[in-house]
>>> print(open('run_23.cif').read())   # mmCIF, C-alpha atoms
data_start
loop_
_atom_site.label_atom_id
_atom_site.label_comp_id
_atom_site.auth_asym_id
_atom_site.auth_seq_id
_atom_site.Cartn_x
_atom_site.Cartn_y
_atom_site.Cartn_z
CA MET A 103 3.68 19.51 -21.31
CA LEU A 104 0.13 20.31 -20.33
CA SER A 105 -0.51 16.65 -19.58
CA THR A 106 2.52 16.64 -17.27
CA ILE A 107 1.09 19.56 -15.32
CA VAL A 108 -2.35 17.97 -15.08
CA ARG A 109 -0.90 14.61 -14.04
CA THR A 110 1.30 16.27 -11.43
CA LEU A 111 -1.69 18.09 -9.94
CA LEU A 112 -3.83 14.96 -9.88
CA VAL A 113 -1.08 12.78 -8.43
CA TYR A 114 -0.28 15.42 -5.81
CA ALA A 115 -3.96 15.49 -4.80
CA ALA A 116 -4.11 11.68 -4.70
CA VAL A 117 -0.94 11.32 -2.60
CA THR A 118 -2.01 14.07 -0.19
CA THR A 119 -5.43 12.44 0.17
CA ALA A 120 -3.82 9.05 0.74
CA MET A 121 -1.42 10.36 3.40
CA ARG A 122 -4.20 12.29 5.09
CA LEU A 123 -6.41 9.21 5.12
CA MET A 124 -3.67 7.06 6.62
CA GLY A 125 -3.16 9.61 9.35
CA LYS A 126 -0.55 10.25 12.00
CA ARG A 127 0.44 6.61 12.27
CA GLN A 128 1.73 6.70 8.70
CA LEU A 129 3.53 10.00 9.19
CA GLY A 130 5.18 8.69 12.34
CA GLU A 131 6.40 5.60 10.47
CA LEU A 132 6.22 3.57 13.65
CA GLN A 133 6.64 0.27 11.85
CA PRO A 134 8.52 -0.98 8.78
CA ALA A 135 5.19 -1.60 7.02
CA GLU A 136 4.54 2.14 7.03
CA LEU A 137 7.95 2.80 5.53
CA VAL A 138 7.19 0.30 2.78
CA THR A 139 3.86 1.99 2.11
CA THR A 140 5.49 5.41 1.87
CA PHE A 141 8.12 4.11 -0.55
CA LEU A 142 5.53 2.38 -2.71
CA ILE A 143 3.24 5.38 -2.91
CA SER A 144 6.07 7.79 -3.69
CA ASN A 145 7.50 5.53 -6.39
CA VAL A 146 4.16 4.97 -8.05
CA ALA A 147 3.47 8.71 -7.96
CA SER A 148 6.83 9.64 -9.46
CA ILE A 149 6.52 7.04 -12.22
CA CYS A 150 3.12 8.45 -13.13
CA ILE A 151 4.55 11.97 -13.47
CA GLU A 152 7.67 10.89 -15.34
CA GLU A 153 5.96 8.53 -17.78
CA PRO A 154 3.18 10.35 -19.64
CA GLU A 155 2.64 7.22 -21.69
CA LEU A 156 1.31 5.33 -18.69
CA PRO A 157 -2.44 5.65 -18.14
CA LEU A 158 -3.43 7.81 -15.18
CA LEU A 159 -5.66 5.11 -13.78
CA SER A 160 -2.72 2.72 -13.43
CA SER A 161 -1.18 5.11 -10.88
CA MET A 162 -4.20 6.54 -9.08
CA VAL A 163 -5.69 3.13 -8.33
CA PRO A 164 -2.51 1.68 -6.76
CA ILE A 165 -1.94 4.80 -4.65
CA LEU A 166 -5.43 4.77 -3.20
CA LEU A 167 -5.50 0.98 -2.95
CA ILE A 168 -2.26 0.93 -0.95
CA ALA A 169 -3.64 3.60 1.38
CA ALA A 170 -6.88 1.69 1.94
CA LEU A 171 -5.05 -1.59 2.56
CA GLU A 172 -2.63 0.09 4.97
CA ILE A 173 -5.52 1.47 7.01
CA LEU A 174 -7.28 -1.90 7.14
CA SER A 175 -4.04 -3.73 7.93
CA SER A 176 -3.22 -1.41 10.82
CA THR A 177 -6.76 -1.84 12.13
CA ALA A 178 -6.40 -5.62 11.94
CA ALA A 179 -3.10 -5.31 13.84
CA TRP A 180 -4.88 -3.23 16.50
CA TYR A 181 -7.58 -5.84 17.00
CA CYS A 182 -5.41 -8.94 16.65
CA PRO A 183 -2.10 -9.00 18.56
CA GLY A 184 -1.13 -12.22 16.76
CA TYR A 185 -1.43 -10.52 13.38
CA SER A 186 0.43 -7.54 14.76
CA ARG A 187 3.31 -9.75 15.84
CA LEU A 188 3.28 -11.49 12.45
CA LEU A 189 3.37 -8.19 10.58
CA PHE A 190 5.63 -6.15 12.82
CA GLY A 191 7.60 -8.73 14.77
CA LYS A 192 8.41 -8.25 18.41
CA PRO A 193 11.06 -6.34 20.31
CA VAL A 194 14.20 -8.25 21.20
CA THR A 195 16.18 -7.72 24.40
CA VAL A 196 19.88 -7.22 23.68
CA ILE A 197 21.14 -5.85 27.00
CA ARG A 198 20.07 -7.04 30.43
CA ASP A 199 21.60 -5.67 33.64
CA GLY A 200 24.64 -4.40 31.82
CA LYS A 201 25.28 -7.67 29.97
CA VAL A 202 25.06 -7.80 26.18
CA ASP A 203 23.11 -10.76 24.78
CA GLN A 204 25.45 -11.71 21.94
CA GLN A 205 23.17 -14.51 20.75
CA ALA A 206 20.34 -12.02 20.27
CA LEU A 207 22.68 -9.65 18.43
CA SER A 208 23.79 -12.37 16.04
CA GLU A 209 20.16 -13.36 15.34
CA LEU A 210 19.36 -9.73 14.58
CA ARG A 211 22.55 -9.40 12.49
CA ILE A 212 23.49 -6.34 14.52
CA THR A 213 27.17 -5.92 15.21
CA SER A 214 28.56 -4.66 18.47
CA VAL A 215 29.75 -1.59 16.53
CA ASP A 216 26.12 -0.86 15.60
CA LEU A 217 25.04 -1.40 19.18
CA MET A 218 27.69 0.93 20.62
CA GLU A 219 26.79 3.58 18.05
CA ALA A 220 23.11 3.31 18.99
CA LEU A 221 24.00 3.57 22.70
CA ARG A 222 26.13 6.65 22.09
CA GLY A 223 23.11 8.17 20.32
CA LYS A 224 21.29 7.78 23.65
CA GLU A 225 24.26 9.37 25.47
CA ILE A 226 25.18 6.07 27.08
CA PHE A 227 28.79 5.09 26.65
CA THR A 228 28.90 1.65 28.18
CA PRO A 229 26.41 -1.24 28.18
CA ALA A 230 27.17 -1.61 31.90
CA ASP A 231 24.97 1.46 32.51
CA VAL A 232 21.97 -0.19 30.89
CA ALA A 233 19.36 -2.06 32.93
CA TRP A 234 17.35 -3.10 29.89
CA GLY A 235 18.14 -2.51 26.24
CA VAL A 236 15.77 -3.61 23.52
CA ILE A 237 15.76 -3.43 19.73
CA GLU A 238 12.26 -2.32 18.81
CA THR A 239 10.29 -3.58 15.85
CA ASN A 240 11.23 -0.47 13.89
CA GLY A 241 14.94 -1.23 14.36
CA SER A 242 15.66 1.47 16.91
CA LEU A 243 17.30 0.80 20.24
CA SER A 244 15.43 1.70 23.42
CA VAL A 245 17.25 1.67 26.74
CA ALA A 246 16.32 1.90 30.38
CA ALA A 247 19.42 3.13 32.19
CA LYS A 248 20.43 1.72 35.53
CA PRO A 249 19.16 3.97 38.28
CA THR A 250 21.49 6.32 40.10
CA ALA A 251 21.87 5.97 43.86
CA GLY A 252 18.52 6.41 45.60
CA ALA A 253 16.52 6.49 42.38
CA PRO A 254 13.99 3.72 41.74
CA PRO A 255 14.77 1.12 39.08
CA PRO A 256 13.18 1.63 35.67
CA MET A 257 9.71 0.26 35.04
CA LEU A 258 9.83 -2.76 32.75
CA PRO A 259 6.84 -3.99 30.76
CA LEU A 260 5.59 -7.39 31.85
CA LEU A 261 2.31 -7.48 29.93
CA VAL A 262 1.32 -5.30 26.99
CA GLU A 263 -1.93 -6.00 25.18
CA GLY A 264 -1.82 -9.71 25.88
CA HIS A 265 1.87 -10.05 25.03
CA LEU A 266 3.82 -11.39 27.99
CA TYR A 267 7.42 -10.23 28.43
CA ALA A 268 8.61 -13.48 29.97
CA ASP A 269 12.26 -12.41 30.04
CA ASN A 270 11.41 -9.25 32.02
CA LEU A 271 9.34 -11.35 34.39
CA ALA A 272 12.28 -13.69 34.92
CA ALA A 273 14.72 -10.78 35.26
CA LEU A 274 12.66 -9.41 38.16
CA CYS A 275 12.56 -12.90 39.72
CA LEU A 276 8.80 -13.04 39.28
CA ASP A 277 6.52 -15.62 37.71
CA MET A 278 3.09 -16.04 36.16
CA PRO A 279 1.26 -16.96 39.37
CA TRP A 280 2.57 -13.75 40.95
CA LEU A 281 1.42 -11.72 37.95
CA GLU A 282 -2.03 -13.28 37.96
CA LYS A 283 -2.32 -12.71 41.73
CA GLU A 284 -1.40 -9.03 41.34
CA LEU A 285 -3.93 -8.57 38.58
CA LYS A 286 -6.60 -10.37 40.57
CA LYS A 287 -6.04 -7.95 43.49
CA GLN A 288 -7.14 -5.17 41.15
CA GLY A 289 -10.01 -7.15 39.74
CA LEU A 290 -8.25 -7.75 36.44
CA THR A 291 -7.32 -10.66 34.22
CA LEU A 292 -4.62 -11.07 31.58
CA GLN A 293 -7.19 -10.25 28.90
CA SER A 294 -8.57 -7.15 30.61
CA THR A 295 -5.14 -5.60 31.18
CA LEU A 296 -3.77 -3.16 28.64
CA ILE A 297 -0.33 -2.54 30.18
CA PHE A 298 1.41 -3.90 33.28
CA LEU A 299 4.71 -2.34 34.29
CA CYS A 300 6.85 -3.31 37.24
CA ASN A 301 10.30 -2.50 38.61
CA GLY A 302 10.37 -4.96 41.45
CA GLN A 303 9.34 -2.31 43.97
CA SER A 304 6.12 -0.96 42.53
CA SER A 305 3.89 -1.67 39.58
CA LEU A 306 1.62 0.24 37.24
CA VAL A 307 -1.46 -1.33 35.73
CA ILE A 308 -3.64 0.16 33.02
CA ARG A 309 -6.97 -1.47 32.45
CA ARG A 310 -8.12 -2.19 28.91
CA GLN A 311 -11.18 -0.15 27.98
CA ALA A 312 -13.54 -0.76 25.09
CA ALA A 313 -13.18 1.87 22.32
CA THR A 314 -15.93 4.46 22.61
CA HIS A 315 -17.26 6.93 20.06
CA LYS A 316 -16.67 10.55 20.88
CA VAL A 317 -19.85 12.51 21.40
CA LYS A 318 -19.91 15.61 19.21
CA LYS A 319 -20.89 18.76 21.07
CA MET B 130 -12.07 4.00 13.73
CA LYS B 131 -13.67 6.32 11.19
CA ARG B 132 -10.74 5.70 8.89
CA ASN B 133 -11.83 2.10 8.45
CA TYR B 134 -15.06 3.31 6.92
CA TYR B 135 -13.13 5.64 4.68
CA ALA B 136 -10.87 2.77 3.65
CA LEU B 137 -13.81 0.49 2.91
CA ALA B 138 -15.57 3.27 1.00
CA LEU B 139 -12.38 3.83 -0.96
CA LEU B 140 -12.09 0.13 -1.81
CA VAL B 141 -15.68 0.08 -2.99
CA LEU B 142 -15.13 3.23 -5.05
CA LEU B 143 -11.98 1.77 -6.60
CA GLY B 144 -13.82 -1.46 -7.40
CA ILE B 145 -16.64 0.44 -9.08
CA THR B 146 -14.17 2.62 -10.98
CA VAL B 147 -12.14 -0.32 -12.26
CA ALA B 148 -15.27 -2.27 -13.20
CA GLY B 149 -16.74 0.78 -14.87
CA THR B 150 -13.61 1.50 -16.87
CA GLN B 151 -13.42 -2.13 -17.94
CA VAL B 152 -16.98 -1.90 -19.23
CA TYR B 153 -16.14 1.34 -21.06
CA VAL B 154 -12.88 0.08 -22.59
CA SER B 155 -14.35 -3.29 -23.60
CA GLY B 156 -17.39 -1.56 -25.03
CA ALA B 157 -15.33 0.92 -27.02
CA LEU B 158 -13.05 -1.80 -28.42
CA LYS B 159 -15.99 -4.02 -29.26
CA SER B 160 -17.60 -1.13 -31.12
CA PHE B 161 -14.39 -0.53 -33.09
CA ARG B 162 -14.09 -4.23 -33.95
CA GLN B 163 -17.71 -4.39 -35.12
CA ASP B 164 -17.32 -1.27 -37.26
CA VAL B 165 -14.08 -2.53 -38.80
CA THR B 166 -15.73 -5.89 -39.53
CA THR B 167 -18.68 -4.12 -41.17
CA ALA B 168 -16.29 -2.04 -43.29
CA TYR B 169 -14.38 -5.18 -44.26
CA CYS B 170 -17.64 -6.86 -45.28
CA TYR B 171 -18.48 -3.84 -47.50
CA ALA B 172 -15.04 -4.10 -49.08
CA GLN B 173 -15.32 -7.87 -49.58
CA SER B 174 -18.66 -7.38 -51.30
CA GLY B 175 -17.10 -4.79 -53.61
CA ASP B 176 -18.73 -1.71 -52.06
CA TYR B 177 -15.47 0.18 -51.58
CA PRO B 178 -17.01 3.66 -51.30
CA ALA B 179 -19.17 2.54 -48.35
CA ALA B 180 -16.18 0.79 -46.80
CA LYS B 181 -14.05 3.92 -47.19
CA THR B 182 -16.73 6.15 -45.67
CA LEU B 183 -17.15 3.85 -42.70
CA LEU B 184 -13.38 3.57 -42.23
CA TYR B 185 -13.10 7.35 -42.18
CA GLU B 186 -15.80 7.43 -39.49
CA ILE B 187 -13.97 4.78 -37.48
CA SER B 188 -10.77 6.80 -37.71
CA ALA B 189 -12.54 9.95 -36.54
CA LYS B 190 -14.19 8.06 -33.68
CA ALA B 191 -10.81 6.64 -32.61
CA LYS B 192 -9.34 10.14 -32.62
CA ALA B 193 -12.24 11.47 -30.53
CA GLN B 194 -12.13 8.66 -27.99
CA GLY B 195 -8.33 8.57 -27.82
CA PRO B 196 -7.94 11.12 -24.99
CA TRP B 197 -10.45 9.25 -22.81
CA LEU B 198 -9.04 5.82 -23.56
CA SER B 199 -5.54 7.10 -22.77
CA LEU B 200 -6.67 7.52 -19.15
CA PHE B 201 -6.98 3.75 -18.94
CA VAL B 202 -4.73 2.27 -21.61
CA ARG B 203 -1.08 2.75 -22.55
CA ARG B 204 -0.70 5.57 -25.03
CA SER B 205 1.74 3.65 -27.24
CA LEU B 206 -0.82 0.92 -27.86
CA LEU B 207 -3.52 3.49 -28.64
CA ASP B 208 -1.18 5.34 -30.98
CA LYS B 209 -0.36 2.17 -32.90
CA ALA B 210 -4.01 1.25 -33.27
CA GLY B 211 -4.86 4.83 -34.16
CA GLU B 212 -2.26 4.86 -36.93
CA THR B 213 -3.58 1.64 -38.37
CA LEU B 214 -7.19 2.82 -38.26
CA ALA B 215 -6.21 6.16 -39.82
CA THR B 216 -4.58 4.46 -42.82
CA LEU B 217 -7.35 1.90 -43.44
CA PRO B 218 -9.54 4.23 -45.60
CA TYR B 219 -6.68 4.61 -48.08
CA TYR B 220 -6.52 0.85 -48.61
CA ALA B 221 -10.26 0.64 -49.35
CA GLN B 222 -9.79 0.29 -53.12
CA ALA B 223 -10.38 -2.58 -55.50
CA ASP B 224 -6.70 -2.94 -56.40
CA ASN B 225 -5.63 -2.92 -52.74
CA ALA B 226 -7.79 -5.77 -51.48
CA ALA B 227 -4.89 -7.83 -50.17
CA ASP B 228 -3.31 -4.89 -48.34
CA LEU B 229 -6.68 -3.97 -46.89
CA SER B 230 -7.08 -7.49 -45.49
CA VAL B 231 -3.64 -7.34 -43.90
CA GLU B 232 -4.28 -3.95 -42.33
CA ILE B 233 -7.75 -4.97 -41.11
CA PHE B 234 -6.29 -7.97 -39.31
CA ARG B 235 -3.48 -5.81 -37.97
CA ALA B 236 -6.17 -3.53 -36.55
CA TYR B 237 -7.91 -6.52 -34.94
CA ALA B 238 -4.64 -7.67 -33.37
CA GLN B 239 -3.90 -4.21 -32.02
CA LEU B 240 -7.38 -3.83 -30.56
CA THR B 241 -6.95 -7.22 -28.89
CA GLN B 242 -3.58 -6.10 -27.50
CA ILE B 243 -5.23 -3.01 -26.04
CA GLU B 244 -7.88 -5.11 -24.36
CA GLN B 245 -5.31 -7.58 -23.01
CA SER B 246 -3.15 -4.78 -21.64
CA PHE B 247 -6.11 -3.54 -19.65
CA ILE B 248 -7.48 -6.81 -18.29
CA ALA B 249 -4.24 -8.78 -17.88
CA VAL B 250 -3.86 -10.26 -14.41
CA PHE B 251 -0.03 -10.06 -14.30
#
>>> encode(input="run_23.cif", output="C-alpha cells")
Amino acid sequence: MLSTIVRTLLVYAAVTTAMRLMGKRQLGELQPAELVTTFLISNVASICIEEPELPLLSSMVPILLIAALEILSSTAAWYCPGYSRLLFGKPVTVIRDGKVDQQALSELRITSVDLMEALRGKEIFTPADVAWGVIETNGSLSVAAKPTAGAPPPMLPLLVEGHLYADNLAALCLDMPWLEKELKKQGLTLQSTLIFLCNGQSSLVIRRQAATHKVKK
Amino acid sequence: MKRNYYALALLVLLGITVAGTQVYVSGALKSFRQDVTTAYCYAQSGDYPAAKTLLYEISAKAKAQGPWLSLFVRRSLLDKAGETLATLPYYAQADNAADLSVEIFRAYAQLTQIEQSFIAVF
C-alpha cells in the first residue's frame, strides 16, 4: 500500500513536470500529435500506479522522454514548415462560396451529416451562407460567413509561413505574379512574409521577424 | 525557445540515468553470479560449511539490494531469483550435491533473465 502511495506521488510529480515543460501548446491540444502525447503519458502513468510489479523507472523514463520529444518535435515543426505539414497535415477547403466540395469531403471521410452538424455548432444552418469553410488539421471546422449587405468580405489567407493557399488565390481571381507584386510594394518576399490575408478589396500583411530573446528587467 | 534547452537537458539526464542504472544492475548481477560461482566451487571441492556461509551472505545481500533493484527490474523476476538464492544455503550439504547443482544453475538462469529484461531492445 505504501508503495502505491509513493508511486502515485512520484508519477503525479513527473506528469505535472512533463505537462508544465510542454507548456500551453500541449494544454491547448492544437494538433493531433498533442492529443497522442497526452494519451500516452496518461496511460503510462496509470499503468505505473496500477501495476506495483512494474519498475518505477520503466514509467518515469517514458513520461519524461515523451515530453522531451514532443517539445523538440514542435520546435522542429516551427522551424520547418515541410515537417510541420508532414506531421500535422494541412487544412482542407470543404465549402467555397456556398458550394460544398463533395470530393474533399469523401477524401476526408466526412459525411454531409457531420458537416451540417459542425455548421450548426457555428450557428450556421446552410452551407450557402459560407464564403469559405475549411477542415483544420485538428479536425475542427472553421468557417468564414458570407458578408451581410455593406459588410466587407472575410479575409482569406493567401500565404502563411511559406505555405501558399492556391485555392484561395484562385477563388479571389488572383495569381502568383499579383501576390509577388503586392509583396514587393511593401519591400517583402515570399520568404520574409509571415501572413498575407486578402479579401479582394484590401489585404493585410505581417512581416516575418527573427525570434528575439526577451531582456530581463 | 527555453523549452528546447530544458528538453535537451532532460534527454541528457535520461540518458545518464538509464546508462547509470544499467551499470548498477549489471554490476549487481555480476556480483551475485560471481559469489554464487564461488560458493559452488566451495561445494564442489567439498567445503560445504564455507559454501553455506557464502550462500547465506548472498541471500542477505539479495534481500538488501532487492528494494533498489525493484526500481529498475520487474518485481516478479526479482522475487523468483530471491527465492532461489534464499533456498540455496539449505542445499549446501554433501548428500544434496545434485540438487545444489540444479538450484545453482536455476539461479544463473534467473539472474540472466533479470539482466535480459532490463537491457532487451524490444
>>> atom_distance(input="run_23.cif", atom1="atom CA of Leu159 of chain A", atom2="atom CA of Ile173 of chain A")
21.1 Å
>>> atom_distance(input="run_23.cif", atom1="atom CA of Gln245 of chain B", atom2="atom CA of Ile187 of chain B")
20.9 Å
>>> residues_near_point(input="run_23.cif", point="(-1.3, -3.1, 14.1)", cutoff="9 Å", atoms="only C-alpha atoms", output="list in words")
Gln133, Ser175, Ser176, Thr177, Ala178, Ala179, Trp180, Tyr181, Cys182, Pro183, Tyr185, Ser186, Arg187, Leu189 and Phe190 of chain A
>>> resolve_selection(input="run_23.cif", expression="the PyMOL selection byres ((chain A) within 8 of (chain B))", output="PDB file with C-alpha atoms, keeping the file's coordinate frame")
ATOM      1  CA  LEU A 123      -6.410   9.210   5.120  1.00  0.00           C
ATOM      2  CA  MET A 124      -3.670   7.060   6.620  1.00  0.00           C
ATOM      3  CA  GLU A 155       2.640   7.220 -21.690  1.00  0.00           C
ATOM      4  CA  LEU A 156       1.310   5.330 -18.690  1.00  0.00           C
ATOM      5  CA  PRO A 157      -2.440   5.650 -18.140  1.00  0.00           C
ATOM      6  CA  LEU A 158      -3.430   7.810 -15.180  1.00  0.00           C
ATOM      7  CA  LEU A 159      -5.660   5.110 -13.780  1.00  0.00           C
ATOM      8  CA  SER A 160      -2.720   2.720 -13.430  1.00  0.00           C
ATOM      9  CA  VAL A 163      -5.690   3.130  -8.330  1.00  0.00           C
ATOM     10  CA  LEU A 166      -5.430   4.770  -3.200  1.00  0.00           C
ATOM     11  CA  LEU A 167      -5.500   0.980  -2.950  1.00  0.00           C
ATOM     12  CA  ALA A 169      -3.640   3.600   1.380  1.00  0.00           C
ATOM     13  CA  ALA A 170      -6.880   1.690   1.940  1.00  0.00           C
ATOM     14  CA  LEU A 171      -5.050  -1.590   2.560  1.00  0.00           C
ATOM     15  CA  ILE A 173      -5.520   1.470   7.010  1.00  0.00           C
ATOM     16  CA  LEU A 174      -7.280  -1.900   7.140  1.00  0.00           C
ATOM     17  CA  THR A 177      -6.760  -1.840  12.130  1.00  0.00           C
TER      18      THR A 177
END
>>> closest_residue(input="run_23.cif", among="B:Thr167, B:Thr213, B:Asn225, B:Gln173", to="Gln239 of chain B", atoms="only C-alpha atoms")
B:Thr213
>>> closest_residue(input="run_23.cif", among="A:Leu299, A:Ile197, A:Ile107, A:Leu281", to="Leu258 of chain A", atoms="all atoms listed in the file")
A:Leu299
>>> residues_near_point(input="run_23.cif", point="(-8.8, -3.1, 34.2)", cutoff="6 Å", atoms="all atoms listed in the file", output="list in words")
Leu290, Ser294, Thr295, Arg309 and Arg310 of chain A
